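The structure under discussion appears below in the form of structure tokens.
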Amino acid sequence: DSTERYRTIALDQYVQAGTPRWIDAGSPEFAAQFLSGWHTIEQNFRWMSQKASVRLGGCRSKQDKLYLTGFFPATIAAGGPLRLNASANGQKLVPVTISESGQPFEISFALPDSLTSEKSLVIEIATDRVSHLPGDKRDLGIIFGTLSVRP
């Protein structure tokens with residue numbers, strides 16, 4: 001099973017001073033990193049509501065960026081492209097738009113140079129709208145797989 005081997009490598013590579021620089025939204029191991037605005041784990045992913053926050057290990061260099069992976073379901077994309085706003089330790093990042101429906105995504109946000117010395121980052125993410133699936137009363141923003149800080 002390559003999943004466990006991958007998880008071990010990823011943890012070794014992205015952990016900094018006890019605060020992971022890489023977290024898997026679908027793994028209970030990282031539950032403490034998900035601060036607010038998240039729904040419970042479903043299979044190997046997690047939905048966010050309209051606003052959500054996580055804690056990640058800080059930047060090691062000025063080349064580090066915030067990377068987010070996930071999935072943009074066609075049922076959510078029916079409302080059009082989805083705009084993601086983000087901030088790191090309260091500093092706004094340049095918004096990103098996701099438009100490829102029914103597809104996995106990997107997006108990145110440049111991080112301000114002033115965050116290079118921070119040991120950890122509180123990342124806040126917000127979508128410009130929420131959706132509701134039939135029979136589901138939850139406010140659903142978008143599905144996340146992983147969140148990381150890396151070059």
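A note on labels: chains of the structure tokens are A, B, ... as shown, every chain counts residues from 1, and ligands are counted from 1 in their shown order.
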| message | Residues near Ser117 of chain A, anyone? I mean within 7 Å using only C-alpha atoms, not counting same-chain ones fewer than 2 positions away, as a list of chain:residue names. | response |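 The residues that qualify are A:Cys59, A:Leu115, A:Lys119.
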| request: Name the residues of segment 26-89 of chain A that fall into strand (DSSP E or B) according to DSSP on the backbone, using the chain letters and numbers of this document, as a VMD selection string. | output: chain A and resid 34 to 42 45 to 57 65 to 72 82 to 88
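Using only C-alpha atoms, the residues found no farther than 7 Å from Gly145 of chain A, other than those of its own chain fewer than 2 positions away, are A:Asp24, A:Ala25, A:Gly26, A:Phe45, A:Arg46, A:Thr69, A:Gly70, A:Ile143.
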| If you run DSSP on this backbone, which residues of chain A come out as helix (DSSP H, G or I), and could you give them as a list in words? |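 So, restricting chain A to helix (DSSP H, G or I), we get Ser2, Thr3, Glu4, Arg5, Tyr6, Arg7, Thr8, Ile9, Ala10, Leu11, Asp12, Gln13, Tyr14, Pro28, Glu29, Phe30, Ala31, Ala32, Gln33, Ala74, Thr75, Ile76, Ala77, Asp113, Ser114 and Leu115 of chain A.
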Using only C-alpha atoms, which residues sit within 10 Å of Trp47 of chain A once same-chain residues fewer than 2 positions away are excluded, as a PDB file with C-alpha atoms, in the first residue's frame?
```
ATOM      1  CA  ALA A  25      -7.793  17.342   5.101  1.00  0.00           C
ATOM      2  CA  GLY A  26      -8.966  13.733   4.942  1.00  0.00           C
ATOM      3  CA  GLY A  37     -15.308  26.421   9.472  1.00  0.00           C
ATOM      4  CA  TRP A  38     -14.675  22.788   8.489  1.00  0.00           C
ATOM      5  CA  HIS A  39     -17.098  19.909   8.176  1.00  0.00           C
ATOM      6  CA  THR A  40     -16.201  16.395   9.316  1.00  0.00           C
ATOM      7  CA  ILE A  41     -13.987  14.168   7.205  1.00  0.00           C
ATOM      8  CA  GLU A  42     -15.733  12.305   4.379  1.00  0.00           C
ATOM      9  CA  PHE A  45     -11.427  14.835   1.965  1.00  0.00           C
ATOM     10  CA  SER A  49     -18.068  26.115   4.808  1.00  0.00           C
ATOM     11  CA  GLN A  50     -17.914  29.688   3.482  1.00  0.00           C
ATOM     12  CA  ALA A  52     -12.482  28.346   7.353  1.00  0.00           C
ATOM     13  CA  GLY A  70      -8.997  19.777  -3.723  1.00  0.00           C
ATOM     14  CA  PHE A  71     -11.895  19.121  -6.014  1.00  0.00           C
ATOM     15  CA  ARG A 138     -24.796  22.286   5.277  1.00  0.00           C
ATOM     16  CA  ASP A 139     -23.235  25.389   3.732  1.00  0.00           C
ATOM     17  CA  LEU A 140     -20.668  23.951   1.335  1.00  0.00           C
ATOM     18  CA  GLY A 141     -17.814  26.038  -0.026  1.00  0.00           C
ATOM     19  CA  ILE A 142     -15.375  23.627  -1.668  1.00  0.00           C
ATOM     20  CA  ILE A 143     -13.660  20.257  -1.094  1.00  0.00           C
ATOM     21  CA  PHE A 144     -10.071  20.199   0.166  1.00  0.00           C
ATOM     22  CA  GLY A 145      -7.440  17.494  -0.051  1.00  0.00           C
TER      23      GLY A 145
END
```
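Closest approach to Ala88 of chain A from the set A:Gln43, A:Thr127, A:Ser114, A:Gln33 is made by A:Ser114, with distances taken over only C-alpha atoms.
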| query | With only C-alpha atoms as the basis for distance, which of A:Asp113, A:Glu124, A:Glu106, A:Glu118 is at the shortest distance from Tyr67 of chain A? | reply |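 Result for the nearest residue to Tyr67 of chain A: A:Glu106.
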| message | Quick one: residues within 6 Å of Leu121 of chain A, only C-alpha atoms, excluding same-chain residues fewer than 2 positions away - as a list in words? | response | Arg55, Leu56, Gly58, Ala88, Asn89 and Ile123 of chain A
Residues of the last selection are to be written out with N, CA, C and O atoms, as a tab-separated table (two decimals), in the first residue's frame.
```
chain	number	residue	atom	x	y	z
A	55	ARG	N	-4.06	25.98	10.79
A	55	ARG	CA	-2.72	26.39	11.24
A	55	ARG	C	-1.70	25.51	10.52
A	55	ARG	O	-1.80	24.29	10.52
A	56	LEU	N	-0.71	26.17	9.89
A	56	LEU	CA	0.38	25.49	9.19
A	56	LEU	C	1.71	25.99	9.72
A	56	LEU	O	1.80	27.12	10.23
A	58	GLY	N	5.33	27.66	9.46
A	58	GLY	CA	5.67	28.90	8.77
A	58	GLY	C	6.59	28.75	7.58
A	58	GLY	O	7.03	27.66	7.23
A	88	ALA	N	-2.97	35.14	5.46
A	88	ALA	CA	-2.00	34.41	6.29
A	88	ALA	C	-1.59	35.34	7.42
A	88	ALA	O	-1.09	36.45	7.16
A	89	ASN	N	-1.85	34.93	8.64
A	89	ASN	CA	-1.60	35.76	9.83
A	89	ASN	C	-2.18	37.17	9.65
A	89	ASN	O	-1.56	38.16	10.00
A	123	ILE	N	-3.99	30.36	8.47
A	123	ILE	CA	-4.49	30.61	7.13
A	123	ILE	C	-6.01	30.68	7.19
A	123	ILE	O	-6.66	29.76	7.70
```
| A:Ile125, A:Leu68, A:Phe105, A:Pro73 ranked by distance to Lys92 of chain A, top pick (using only C-alpha atoms) |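 Closest to Lys92 of chain A, using only C-alpha atoms: A:Ile125.
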| Near-Ser101 of chain A list (10 Å; only C-alpha atoms; drop same-chain fewer than 3 positions) as a ChimeraX atom specification | /A:71-78,80-82,98,104-105
For the residues selected in the previous step, produce a file with C-alpha atoms as a CSV table (one decimal), in the first residue's frame.
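Full text of again_13.csv as output:
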```csv
chain,number,residue,atom,x,y,z
A,71,PHE,CA,-11.9,19.1,-6.0
A,72,PHE,CA,-14.4,21.5,-7.6
A,73,PRO,CA,-17.6,19.3,-8.1
A,74,ALA,CA,-19.8,20.0,-11.1
A,75,THR,CA,-22.8,20.4,-8.8
A,76,ILE,CA,-21.0,23.3,-7.1
A,77,ALA,CA,-19.6,24.7,-10.3
A,78,ALA,CA,-23.1,25.0,-11.7
A,80,GLY,CA,-20.2,29.5,-12.0
A,81,PRO,CA,-16.5,30.0,-11.1
A,82,LEU,CA,-15.7,30.1,-7.4
A,98,ILE,CA,-11.4,28.2,-9.7
A,104,PRO,CA,-9.2,18.3,-9.1
A,105,PHE,CA,-7.3,21.6,-8.5
```
| query | Please, what distance in Å, to one decimal, runs between atom CA of Ala110 of chain A and atom CA of Ser131 of chain A? | reply |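 Straight-line distance from atom CA of Ala110 of chain A to atom CA of Ser131 of chain A works out to 27.4 Å.
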| Nearest to Ala126 of chain A: which of A:Val94, A:Ile107, A:Leu84, A:Val149 is it, counting only C-alpha atoms? | A:Leu84
| Taking into account only C-alpha atoms, which residue in the set A:Ala86, A:Val130, A:Val96, A:Leu66 is nearest to Met48 of chain A? |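 For Met48 of chain A, the nearest of the given residues is A:Val130.
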